[in-house]
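Engineer: Structure file coords_15.txt (compact mmCIF, C-alpha atoms) is given on the next line.
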# COMPACT_ATOMS: atom_id res chain seq x y z
CA MET A 422 0.00 0.00 0.00
CA GLY A 423 1.45 3.37 -0.97
CA LYS A 424 1.61 6.77 0.65
CA LEU A 425 -1.36 8.83 1.62
CA LEU A 426 -1.67 11.81 -0.69
CA SER A 427 -1.04 14.18 2.23
CA GLU A 428 2.36 12.50 2.70
CA THR A 429 3.53 13.15 -0.86
CA GLU A 430 5.62 16.19 -1.71
CA THR A 431 2.84 17.47 -3.98
CA GLY A 432 0.33 17.03 -1.16
CA ARG A 433 2.47 18.76 1.46
CA LYS A 434 3.00 21.77 -0.82
CA TRP A 435 -0.74 22.04 -1.47
CA ILE A 436 -1.56 21.78 2.25
CA SER A 437 0.89 24.62 2.95
CA ASN A 438 -1.58 26.99 1.19
CA PHE A 439 -3.79 26.86 4.27
CA ASP A 440 -3.58 28.19 7.80
CA LYS A 441 -2.69 25.68 10.50
CA SER A 442 -6.30 25.58 11.64
CA GLU A 443 -7.35 24.61 8.12
CA GLN A 444 -4.62 22.08 7.39
CA ILE A 445 -6.37 19.27 9.28
CA LEU A 446 -9.40 19.69 7.02
CA ALA A 447 -7.19 19.95 3.92
CA LYS A 448 -5.52 16.62 4.81
CA LYS A 449 -8.88 15.00 5.49
CA LEU A 450 -10.14 16.09 2.07
CA LEU A 451 -6.98 15.11 0.20
CA ASN A 452 -6.67 11.65 1.72
CA LYS A 453 -10.16 10.69 0.57
CA LEU A 454 -9.29 11.20 -3.10
CA ARG A 455 -9.50 8.03 -5.18
CA ILE A 456 -7.02 8.12 -8.08
CA ILE A 457 -7.06 5.55 -10.89
CA ASP A 458 -4.26 5.06 -13.43
CA THR A 459 -5.00 4.53 -17.13
CA GLY A 460 -4.02 0.84 -17.01
CA THR A 461 -6.53 0.10 -14.24
CA PHE A 462 -9.16 2.12 -16.11
CA ARG A 463 -8.62 0.24 -19.37
CA PHE A 464 -8.46 -3.21 -17.74
CA GLY A 465 -11.50 -2.52 -15.56
CA LEU A 466 -13.75 -1.21 -18.34
CA GLU A 467 -12.84 -4.06 -20.69
CA GLY A 468 -13.43 -6.63 -17.97
CA CYS A 469 -16.79 -5.07 -17.14
CA LEU A 470 -17.97 -5.28 -20.75
CA LYS A 471 -16.93 -8.92 -21.13
CA ARG A 472 -18.50 -9.85 -17.78
CA LEU A 473 -21.80 -8.22 -18.74
CA LEU A 474 -21.89 -10.21 -21.98
CA LYS A 475 -20.90 -13.46 -20.28
CA GLU A 476 -23.58 -13.02 -17.61
CA GLN A 477 -26.11 -12.12 -20.34
CA GLN A 478 -26.86 -8.73 -18.84
CA ILE A 479 -26.34 -7.33 -22.32
CA GLU A 480 -27.19 -9.08 -25.59
CA SER A 481 -24.88 -9.27 -28.59
CA PRO A 482 -24.13 -7.93 -31.10
CA VAL A 483 -23.15 -4.89 -29.01
CA LEU A 484 -22.36 -1.54 -30.60
CA LEU A 485 -19.56 0.12 -28.61
CA VAL A 486 -19.73 3.92 -28.68
CA GLY A 487 -17.70 6.47 -26.78
CA ALA A 488 -20.18 8.83 -25.12
CA LEU A 489 -19.50 12.37 -26.30
CA SER A 490 -20.46 15.63 -24.64
CA LEU A 491 -22.69 18.03 -26.55
CA GLU A 492 -19.67 20.35 -26.83
CA ASP A 493 -17.70 17.61 -28.61
CA ILE A 494 -20.59 16.99 -31.02
CA LYS A 495 -20.91 20.70 -31.73
CA ALA A 496 -17.18 20.88 -32.45
CA ALA A 497 -17.58 18.03 -34.96
CA HIS A 498 -20.58 19.75 -36.61
CA PRO A 499 -20.07 23.52 -36.33
CA SER A 500 -22.82 24.23 -38.87
CA ILE A 501 -25.40 22.68 -36.54
CA GLN A 502 -24.31 24.82 -33.63
CA SER A 503 -25.43 28.03 -35.35
CA LYS A 504 -28.92 26.59 -35.96
CA ASN A 505 -29.32 25.70 -32.28
CA GLU A 506 -31.32 22.54 -33.08
CA PRO A 507 -31.25 19.33 -30.99
CA PHE A 508 -28.96 16.54 -32.11
CA GLU A 509 -30.53 13.41 -33.55
CA MET A 510 -28.46 10.35 -34.41
CA PHE A 511 -28.11 9.70 -38.16
CA ARG A 512 -29.67 13.08 -38.97
CA ASN A 513 -27.17 15.69 -37.77
CA CYS A 514 -24.72 13.58 -35.74
CA TYR A 515 -23.26 10.08 -36.14
CA PRO A 516 -21.77 7.27 -34.06
CA ASN A 517 -18.45 7.58 -35.88
CA ASP A 518 -17.98 11.22 -34.88
CA SER A 519 -14.39 11.23 -33.66
CA LEU A 520 -13.57 11.05 -30.00
CA SER A 521 -11.18 13.68 -28.76
CA SER A 522 -7.70 13.21 -30.18
CA ALA A 523 -6.17 14.62 -27.00
CA PRO A 524 -4.61 12.05 -24.65
CA GLY A 525 -6.86 10.98 -21.85
CA SER A 526 -9.79 8.72 -21.12
CA GLU A 527 -11.45 9.51 -24.49
CA ALA A 528 -8.41 8.21 -26.34
CA GLU A 529 -8.28 5.15 -24.08
CA ILE A 530 -11.95 4.41 -24.83
CA ALA A 531 -11.32 4.75 -28.58
CA ASN A 532 -8.35 2.34 -28.32
CA LEU A 533 -10.40 -0.07 -26.21
CA ILE A 534 -13.22 -0.14 -28.78
CA ARG A 535 -10.72 -0.77 -31.56
CA ASP A 536 -9.01 -3.65 -29.75
CA ILE A 537 -12.21 -5.38 -28.57
CA THR A 538 -13.84 -5.25 -32.00
CA ARG A 539 -10.68 -6.53 -33.72
CA GLU A 540 -10.63 -9.45 -31.31
CA SER A 541 -14.29 -10.10 -32.16
CA ASP A 542 -13.54 -10.05 -35.89
CA ARG A 543 -10.69 -12.56 -35.48
CA SER A 544 -12.87 -14.96 -33.51
CA GLN A 545 -15.66 -14.52 -36.11
CA ARG A 546 -18.23 -14.36 -33.34
CA ASN A 547 -19.20 -10.77 -34.15
CA ARG A 548 -20.14 -9.99 -30.57
CA TRP A 549 -18.92 -6.42 -30.73
CA ILE A 550 -19.51 -3.68 -33.31
CA ALA A 551 -17.16 -0.72 -33.66
CA GLN A 552 -18.73 2.72 -33.85
CA SER A 553 -16.51 3.52 -36.83
CA SER A 554 -18.36 0.88 -38.88
CA ILE A 555 -21.78 2.50 -38.42
CA SER A 556 -22.70 5.50 -40.56
CA SER A 557 -26.43 4.95 -41.11
CA ILE A 558 -29.45 3.29 -39.56
CA ASN A 559 -29.22 0.63 -42.27
CA ASP A 560 -25.75 -0.34 -41.04
CA LEU A 561 -27.21 -0.87 -37.60
CA ARG A 562 -30.05 -2.94 -39.05
CA GLN A 563 -27.76 -5.13 -41.18
CA LYS A 564 -25.52 -5.93 -38.24
CA LYS A 565 -28.60 -6.92 -36.19
CA CYS A 566 -27.44 -4.80 -33.25
CA LYS A 567 -29.16 -5.73 -29.98
CA THR A 568 -27.39 -3.39 -27.54
CA ILE A 569 -25.96 0.10 -27.85
CA ALA A 570 -23.33 0.52 -25.12
CA LEU A 571 -22.35 4.12 -24.38
CA LEU A 572 -18.88 4.08 -22.80
CA THR A 573 -17.50 6.76 -20.50
CA ASP A 574 -14.91 7.11 -17.79
CA ILE A 575 -16.79 8.84 -14.97
CA SER A 576 -20.48 9.63 -14.67
CA SER A 577 -20.78 11.95 -11.71
CA SER A 578 -23.81 14.14 -12.36
CA GLY A 579 -25.00 11.73 -15.07
CA GLN A 580 -25.92 14.66 -17.29
CA GLN A 581 -23.46 14.05 -20.15
CA LEU A 582 -24.46 10.41 -20.52
CA LEU A 583 -28.17 11.23 -20.51
CA GLU A 584 -27.80 14.03 -23.05
CA TYR A 585 -25.84 11.79 -25.41
CA ALA A 586 -28.36 8.95 -25.00
CA LYS A 587 -31.14 11.38 -25.97
CA CYS A 588 -29.37 11.93 -29.31
CA TRP A 589 -30.06 8.25 -29.99
CA THR A 590 -33.64 8.13 -28.73
CA ARG A 591 -34.61 11.18 -30.83
CA ASN A 592 -34.17 8.97 -33.88
CA PRO A 593 -37.70 7.61 -34.60
CA THR A 594 -36.44 4.21 -35.82
CA ILE A 595 -34.31 3.60 -32.74
CA ARG A 596 -37.14 4.83 -30.54
CA SER A 597 -39.45 2.30 -32.19
CA TRP A 598 -36.94 -0.56 -31.85
CA ARG A 599 -36.46 0.31 -28.19
CA SER A 600 -40.19 0.43 -27.45
CA LEU A 601 -40.54 -3.06 -29.01
CA HIS A 602 -37.57 -4.27 -26.91
CA ASN A 603 -35.58 -5.06 -30.04
CA ILE A 604 -32.67 -2.94 -28.87
CA ARG A 605 -31.41 -1.61 -25.54
CA ILE A 606 -29.34 1.47 -24.76
CA VAL A 607 -27.03 1.02 -21.79
CA GLY A 608 -24.39 3.18 -20.18
CA VAL A 609 -21.10 1.57 -19.14
CA ALA A 610 -18.84 3.75 -17.02
CA PHE A 611 -15.69 2.89 -15.15
CA ALA A 612 -17.29 4.66 -12.20
CA TYR A 613 -20.65 6.29 -11.60
CA SER A 614 -22.19 8.12 -8.68
CA ILE A 615 -25.30 6.91 -6.88
CA ASN A 616 -26.99 10.11 -8.06
CA ALA A 617 -26.10 9.34 -11.71
CA TYR A 618 -27.40 5.78 -11.29
CA GLU A 619 -30.72 6.99 -9.92
CA LYS A 620 -31.10 9.43 -12.83
CA ALA A 621 -30.30 6.73 -15.39
CA MET A 622 -32.77 4.30 -13.88
CA SER A 623 -35.57 6.84 -13.47
CA ARG A 624 -38.77 6.69 -15.45
CA ASN A 625 -38.53 8.06 -19.01
CA SER A 626 -34.74 7.88 -18.94
CA PRO A 627 -33.16 7.32 -22.38
CA ILE A 628 -30.90 4.72 -20.76
CA ASP A 629 -32.21 1.24 -19.97
CA SER A 630 -29.42 0.28 -17.55
CA LEU A 631 -26.24 1.79 -16.14
CA TYR A 632 -23.28 -0.48 -15.36
CA GLY A 633 -19.86 0.26 -13.96
CA VAL A 634 -16.71 -1.07 -12.34
CA GLU A 635 -16.87 1.13 -9.24
CA VAL A 636 -19.09 3.66 -7.55
CA ILE A 637 -17.63 7.16 -7.30
CA ARG A 638 -16.42 8.27 -3.92
CA THR A 639 -18.21 11.46 -2.86
CA PHE A 640 -18.59 13.43 0.37
CA ASP A 641 -21.54 11.30 1.45
CA THR A 642 -20.08 7.90 0.51
CA CYS A 643 -16.47 8.25 1.71
CA GLY A 644 -17.14 7.50 5.38
CA TRP A 645 -17.65 10.98 6.84
CA ASP A 646 -20.62 11.47 9.13
CA SER A 647 -23.09 14.31 8.45
CA LEU A 648 -21.22 16.75 10.70
CA GLU A 649 -17.88 16.06 9.01
CA GLN A 650 -19.52 16.50 5.59
CA ASP A 651 -20.90 19.90 6.58
CA VAL A 652 -17.54 21.02 7.95
CA ILE A 653 -15.71 19.97 4.76
CA ARG A 654 -18.34 21.64 2.57
CA GLN A 655 -17.96 24.89 4.49
CA PHE A 656 -14.17 24.60 4.28
CA CYS A 657 -14.37 24.25 0.49
CA LYS A 658 -16.69 27.23 0.20
CA ASN A 659 -14.64 29.43 2.55
CA THR A 660 -11.46 28.82 0.53
CA THR A 661 -13.03 29.31 -2.91
CA PRO A 662 -13.07 32.82 -4.47
CA LYS A 663 -16.52 34.34 -4.97
CA LYS A 664 -16.25 34.27 -8.75
CA HIS A 665 -15.78 30.48 -8.61
CA MET A 666 -18.32 29.80 -5.83
CA SER A 667 -20.57 27.81 -8.17
CA GLU A 668 -17.67 25.34 -8.55
CA ALA A 669 -16.77 25.17 -4.85
CA LEU A 670 -18.10 21.61 -4.55
CA GLY A 671 -17.48 20.65 -8.17
CA TYR A 672 -19.68 20.78 -11.27
CA ARG A 673 -23.32 21.00 -10.23
CA GLY A 674 -22.28 20.42 -6.62
CA SER A 675 -21.32 16.82 -7.36
CA GLU A 676 -18.77 16.67 -4.49
CA SER A 677 -16.73 14.03 -6.31
CA LEU A 678 -13.50 12.63 -4.90
CA PHE A 679 -12.61 10.47 -7.91
CA VAL A 680 -9.94 11.01 -10.60
CA ILE A 681 -8.79 8.96 -13.58
CA GLU A 682 -5.45 10.25 -14.81
CA PRO A 683 -4.24 12.03 -16.89
CA ASN A 684 -7.30 14.32 -16.95
CA VAL A 685 -8.74 16.02 -13.89
CA PRO A 686 -12.57 16.24 -13.95
CA ASN A 687 -14.41 19.44 -13.15
CA ASN A 688 -16.59 17.69 -10.59
CA LEU A 689 -13.84 17.85 -7.94
CA PRO A 690 -13.97 20.61 -5.31
CA TRP A 691 -12.54 23.78 -6.84
CA ILE A 692 -9.69 24.18 -4.34
CA LEU A 693 -8.04 21.02 -5.67
CA ARG A 694 -7.66 22.33 -9.20
CA PRO A 695 -7.04 26.13 -9.38
CA CYS A 696 -3.86 27.41 -10.97
CA GLY A 697 -2.21 30.85 -10.90
CA ASN A 698 -4.31 32.18 -8.01
CA LYS A 699 -3.26 33.80 -4.76
CA LYS A 700 -4.33 33.48 -1.15
CA ASN A 701 -3.47 36.17 1.40
CA GLY A 702 -1.12 37.72 -1.12
CA LYS A 703 0.85 34.49 -1.57
CA LYS A 704 1.02 32.46 -4.75
CA TRP A 705 -1.31 29.48 -4.66
CA ILE A 706 0.36 26.08 -5.01
CA PRO A 707 -2.12 23.83 -6.86
CA PHE A 708 -2.48 20.12 -6.25
CA PHE A 709 -3.73 19.52 -9.77
CA ASP A 710 -2.50 21.98 -12.36
CA HIS A 711 -6.00 23.17 -13.32
CA ARG A 712 -7.29 20.14 -15.30
CA THR A 713 -3.93 18.33 -15.69
CA PHE A 714 -2.64 15.46 -13.60
CA PRO A 715 0.97 16.14 -12.47
CA GLU A 716 3.37 13.45 -13.72
CA SER A 717 5.55 13.87 -10.64
CA LEU A 718 2.72 12.66 -8.41
CA TRP A 719 2.81 9.13 -9.81
CA LYS A 720 6.49 8.87 -8.99
CA GLU A 721 5.66 9.61 -5.36
CA MET A 722 2.93 7.00 -5.16
CA GLN A 723 3.58 3.27 -5.15
CA SER A 724 0.35 2.49 -6.97
CA GLY A 725 -2.75 4.09 -8.40
CA SER A 726 -4.72 3.04 -5.34
CA ALA A 727 -2.27 4.53 -2.87
CA SER A 728 -4.53 7.45 -2.09
CA SER A 729 -7.43 5.30 -0.94
CA ALA A 730 -6.25 2.88 1.67
CA ILE A 731 -8.98 0.44 2.70
CA PRO A 732 -9.75 1.15 6.37
CA SER A 733 -8.85 -1.52 8.88
CA PRO A 734 -11.62 -3.30 10.82
CA ARG A 735 -10.47 -1.43 13.93
CA GLU A 736 -11.24 1.90 12.23
CA VAL A 737 -14.80 0.77 11.60
CA LEU A 738 -15.55 -1.30 14.70
CA GLY A 739 -13.73 0.98 17.15
CA GLU A 740 -11.02 0.44 19.72
CA GLY A 741 -12.90 -2.52 21.19
CA PHE A 742 -12.02 -4.56 18.11
CA LYS A 743 -9.43 -7.29 18.61
CA ASP A 744 -7.94 -9.55 15.96
CA TYR A 745 -9.45 -12.72 17.35
CA SER A 746 -12.81 -13.14 15.75
CA ARG A 747 -13.52 -16.82 15.17
CA ILE A 748 -13.38 -16.27 11.42
CA LEU A 749 -10.25 -14.18 11.68
CA ASN A 750 -8.43 -16.69 13.89
CA SER A 751 -9.17 -19.47 11.42
CA SER A 752 -7.28 -17.68 8.67
CA THR A 753 -3.68 -17.92 7.62
CA ARG A 754 -1.33 -15.05 6.88
CA ALA A 755 -2.07 -15.49 3.17
CA THR A 756 -5.84 -15.24 3.66
CA ARG A 757 -5.81 -12.53 6.35
CA PRO A 758 -6.49 -9.58 3.96
CA LYS A 759 -9.53 -11.37 2.52
CA VAL A 760 -10.82 -12.28 5.97
CA ASN A 761 -10.31 -8.68 7.11
CA ARG A 762 -12.53 -7.66 4.22
CA LEU A 763 -15.25 -10.09 5.29
CA ILE A 764 -15.19 -8.80 8.87
CA LEU A 765 -15.24 -5.23 7.59
CA LEU A 766 -18.18 -6.03 5.30
CA LEU A 767 -20.13 -7.47 8.23
CA ALA A 768 -19.75 -4.18 10.08
CA PHE A 769 -20.83 -2.13 7.07
CA ILE A 770 -23.78 -4.42 6.27
CA ARG A 771 -24.92 -4.18 9.88
CA ALA A 772 -24.81 -0.39 9.51
CA GLY A 773 -27.16 -0.66 6.52
CA LEU A 774 -24.78 -0.01 3.62
CA GLY A 775 -25.59 -1.61 0.27
CA ILE A 776 -23.34 -2.86 -2.52
CA LYS A 777 -23.00 0.49 -4.30
CA GLU A 778 -22.27 2.41 -1.10
CA LEU A 779 -19.67 -0.20 -0.15
CA SER A 780 -17.93 0.08 -3.53
CA ALA A 781 -17.50 3.81 -2.96
CA ARG A 782 -16.59 3.48 0.72
CA MET A 783 -14.02 0.69 0.29
CA SER A 784 -12.75 1.69 -3.20
CA LEU A 785 -13.43 -1.80 -4.53
CA PRO A 786 -15.03 -2.95 -7.80
CA ILE A 787 -18.75 -3.68 -7.60
CA ALA A 788 -18.06 -7.23 -8.83
CA ASP A 789 -15.68 -7.85 -5.90
CA ILE A 790 -18.25 -6.61 -3.38
CA GLU A 791 -20.93 -8.84 -4.96
CA SER A 792 -18.55 -11.79 -4.80
CA SER A 793 -17.83 -11.13 -1.11
CA PHE A 794 -21.58 -10.96 -0.43
CA LYS A 795 -21.94 -14.39 -2.04
CA THR A 796 -19.17 -15.69 0.21
CA LEU A 797 -20.90 -14.33 3.32
CA ARG A 798 -24.19 -15.90 2.21
CA CYS A 799 -22.51 -19.28 1.64
CA MET A 800 -21.02 -19.07 5.13
CA GLY A 801 -24.44 -18.33 6.58
CA LEU A 802 -23.45 -14.90 7.91
CA ILE A 803 -25.97 -12.89 5.85
CA ASP A 804 -29.33 -13.90 4.40
CA ASP A 805 -30.82 -13.48 0.93
CA LYS A 806 -31.96 -9.96 1.87
CA ASP A 807 -28.36 -9.02 2.78
CA LYS A 808 -29.13 -8.81 6.50
CA LEU A 809 -26.92 -10.34 9.19
CA THR A 810 -28.12 -13.74 10.36
CA ASN A 811 -27.89 -14.82 13.99
CA LEU A 812 -24.54 -16.36 13.14
CA GLY A 813 -23.44 -13.10 11.50
CA GLN A 814 -24.47 -11.12 14.57
CA LEU A 815 -22.47 -13.55 16.71
CA GLU A 816 -19.38 -13.03 14.56
CA TYR A 817 -19.82 -9.27 14.72
CA ARG A 818 -20.09 -9.32 18.51
CA GLU A 819 -17.04 -11.55 18.69
CA CYS A 820 -15.07 -8.83 16.90
CA LEU A 821 -16.05 -6.35 19.59
CA ARG A 822 -14.99 -8.46 22.54
CA THR A 823 -12.15 -7.00 24.58
CA LYS A 824 -11.10 -10.28 26.16
CA ASN A 825 -8.66 -12.25 24.01
CA ARG A 826 -9.74 -15.78 23.20
CA ASP A 827 -7.35 -18.43 22.04
CA LYS A 828 -10.00 -20.65 20.53
CA ARG A 829 -9.28 -21.41 16.91
CA PHE A 830 -11.15 -23.49 14.43
CA ASN A 831 -9.49 -26.19 12.42
CA GLY A 832 -10.61 -27.38 9.03
CA TYR A 833 -11.48 -23.93 7.65
CA PRO A 834 -10.20 -24.27 4.07
CA GLN A 835 -8.23 -21.41 2.52
CA GLU A 836 -10.38 -21.50 -0.61
CA ALA A 837 -13.34 -20.41 1.52
CA PHE A 838 -11.96 -16.90 1.27
CA GLU A 839 -11.32 -16.87 -2.47
CA LYS A 840 -13.53 -14.90 -4.86
CA THR A 841 -15.20 -17.93 -6.43
CA ILE A 842 -18.26 -19.47 -4.81
CA GLU A 843 -17.74 -22.92 -6.26
CA SER A 844 -15.31 -23.82 -3.46
CA TYR A 845 -16.39 -25.87 -0.47
CA TYR A 846 -17.69 -23.82 2.44
CA PRO A 847 -18.25 -25.33 5.91
CA GLN A 848 -21.75 -25.12 7.33
CA LYS A 849 -20.47 -24.55 10.88
CA LEU A 850 -17.70 -22.44 12.32
CA ARG A 851 -16.68 -25.14 14.79
In structure tokens, how does this file's structure come out?
Structural biologist:
Amino acid sequence: MGKLLSETETGRKWISNFDKSEQILAKKLLNKLRIIDTGTFRFGLEGCLKRLLKEQQIESPVLLVGALSLEDIKAAHPSIQSKNEPFEMFRNCYPNDSLSSAPGSEAEIANLIRDITRESDRSQRNRWIAQSSISSINDLRQKKCKTIALLTDISSSGQQLLEYAKCWTRNPTIRSWRSLHNIRIVGVAFAYSINAYEKAMSRNSPIDSLYGVEVIRTFDTCGWDSLEQDVIRQFCKNTTPKKHMSEALGYRGSESLFVIEPNVPNNLPWILRPCGNKKNGKKWIPFFDHRTFPESLWKEMQSGSASSAIPSPREVLGEGFKDYSRILNSSTRATRPKVNRLILLLAFIRAGLGIKELSARMSLPIADIESSFKTLRCMGLIDDKDKLTNLGQLEYRECLRTKNRDKRFNGYPQEAFEKTIESYYPQKLR
């Protein structure tokens, strides 16, 4: 596990912008940032797509399209911009409108689409369709497309994804196909916020389903209580100039704490991304250089997940927690991290957190959380409604005991803590 962001040279310089009374809050804010490198982004999004197809959550052939902003579409069709008319797919905009040529997540999505569709062509299974091969509604019809997958990196407010999906549903043919359930439009993001998910799944949404690798970490999903959230919000507003007050908590007040390098999204709190400003007459030292991720920061971090250390069970359960739960004592050194996760999940589930909230809180892929839930169900610790069983409550209480117990349980196989659920799981803990 790498350094906390507040321990990096870049972090220390940024924290020095603030008075001593404010530096505690600055550290608290900075250390909750979740930063993803491009390799993790690419691997995660590709894996998500293939998993959705394998689990039949999406039907092939699947058209892969990079979701563009309305600004990008206007740039590709400047003549339309002057007319101020809505965009409609295959009338005044097209799937093969180029993604941004600038380096960043857009370029990574374009490369991902190219590689996945080439792999599909070689296998002759034709599961995936490249957006570059579609220039008319007839192309879509001939390829017998069943799913239109709109790919993006982060969906925080959900607005960009919805606006782009509307470009598709304005087309009367696609609207007819969708109403007859002959085609589905889905969003696939590396990470989405709970707010974006609720918008996408609302009635009359142009998106049928929203999928993702992770849930975005925000002020209300990062583990702060309501008082801490209010204090951090006020801190962000107090340190943001009046002319930028609308961006104090990020675009549309999204309060995001999630970054995929090398681009810095505008949904972060403003104080993390200003450049060339001053505070109390002193030059402001930015953490992110406006919208650019500093290359030097990666050299200071051991990994892309260094900024988001998973909290230990003691942090969640309190000082009464001791490392001698019956499950925990049955583990080996190799399985201890996985068992720690199970104990931690029990505490969170007991507190009422669901899968999406846990993904944001623990900075883990949704698929990993779902797999851990299956493990807990197989062990009889939670029920089908994701509530702690009597056995689960017993395990939770055991974690809180202050008196050390030496009782250990033999015969607890290591594979019980692996991700797969095909392994043998004991029905009793002793």
Engineer: What does the distance between CA of Ser557 (chain A) and CA of Leu631 (chain A) come to in Å, to one decimal place?
Structural biologist: 25.2 Å
Engineer: If I take CA of Arg433 (chain A) and CA of Ser526 (chain A), how far is one from the other in Å, to one decimal?
Structural biologist: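 Between these atoms lies a distance of 27.6 Å.
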Engineer: Please list as a PyMOL selection string every residue within 10 Å of Cys514 (chain A), counting only C-alpha atoms and excluding residues in the same chain fewer than 4 positions away.
Structural biologist: chain A and resi 494-495+497-498+501+507-510+518+556+588-589
Engineer: How many Å lie between CA of Lys587 (chain A) and CA of Glu676 (chain A), rounded to one decimal?
Structural biologist: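 Interatomic distance, CA of Lys587 (chain A) to CA of Glu676 (chain A): 25.3 Å.
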Engineer: Need the neighbours of (-34.3, -3.7, -31.6): which residues are at most 9 Å away, counting all atoms listed in the file, as a PyMOL selection string?
Structural biologist: chain A and resi 562+565-568+595+597-605
Engineer: With C-alpha atoms retained, export the selected residues as a PDB file, in the coordinates of the input.
Structural biologist:
ATOM      1  CA  ARG A 562     -30.050  -2.940 -39.050  1.00  0.00           C
ATOM      2  CA  LYS A 565     -28.600  -6.920 -36.190  1.00  0.00           C
ATOM      3  CA  CYS A 566     -27.440  -4.800 -33.250  1.00  0.00           C
ATOM      4  CA  LYS A 567     -29.160  -5.730 -29.980  1.00  0.00           C
ATOM      5  CA  THR A 568     -27.390  -3.390 -27.540  1.00  0.00           C
ATOM      6  CA  ILE A 595     -34.310   3.600 -32.740  1.00  0.00           C
ATOM      7  CA  SER A 597     -39.450   2.300 -32.190  1.00  0.00           C
ATOM      8  CA  TRP A 598     -36.940  -0.560 -31.850  1.00  0.00           C
ATOM      9  CA  ARG A 599     -36.460   0.310 -28.190  1.00  0.00           C
ATOM     10  CA  SER A 600     -40.190   0.430 -27.450  1.00  0.00           C
ATOM     11  CA  LEU A 601     -40.540  -3.060 -29.010  1.00  0.00           C
ATOM     12  CA  HIS A 602     -37.570  -4.270 -26.910  1.00  0.00           C
ATOM     13  CA  ASN A 603     -35.580  -5.060 -30.040  1.00  0.00           C
ATOM     14  CA  ILE A 604     -32.670  -2.940 -28.870  1.00  0.00           C
ATOM     15  CA  ARG A 605     -31.410  -1.610 -25.540  1.00  0.00           C
TER      16      ARG A 605
END
Engineer: Quick one: everything within 10 Å of Arg798 (chain A), counting only C-alpha atoms, minus sequence neighbours fewer than 3 positions away in the same chain. Send it as a ChimeraX atom specification.
Structural biologist: /A:792-795,801-810,813,842
Engineer: Dig up all the protein and nucleic acid residues within 10 Å of (-27.7, 15.3, -18.8) in the file frame, using only C-alpha atoms, and format them as a VMD selection string.
Structural biologist: chain A and resid 490 to 491 578 to 587 617 620 to 621
Engineer: So that I can check the surroundings of Ala669 (chain A), please list as a ChimeraX atom specification every protein, DNA and RNA residue that reaches within 6 Å of it, counting only C-alpha atoms and ignoring chain neighbours fewer than 6 positions away.
Structural biologist: /A:657-658,661,690-691
Engineer: Go through A:Glu529, A:Gln563, A:Glu721, A:Met783 one by one, measure the shortest atom-to-atom distance of each to Pro482 (chain A) using only C-alpha atoms, and give the residue with the smallest value.
Structural biologist: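 Distance minimum relative to Pro482 (chain A) lands on A:Gln563.
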Engineer: Pick the closest to Leu466 (chain A) from A:Pro786, A:Pro707, A:Gly633, A:Gly674: which is it, counting all atoms listed in the file?
Structural biologist: A:Gly633
Engineer: Skip Leu474 (chain A) itself and residues of its chain fewer than 5 positions away, then list as a list in words all residues within 9 Å of it, counting all atoms listed in the file.
Structural biologist: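 Final neighbour list, sorted by chain and number: Cys469, Ile479, Glu480, Ser481, Val483 and Arg548 of chain A.
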Engineer: Counting all atoms listed in the file, figure out which residue out of A:Asp560, A:Asp440, A:Asp646, A:Glu476 gets nearest to Pro516 (chain A).
Structural biologist: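 Nearest to Pro516 (chain A): A:Asp560.
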Engineer: Between A:Ile681, A:Ala531, A:Leu450, A:Ala551, which has the minimum distance to Leu485 (chain A) (counting all atoms listed in the file)?
Structural biologist: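 Closest candidate: A:Ala551.
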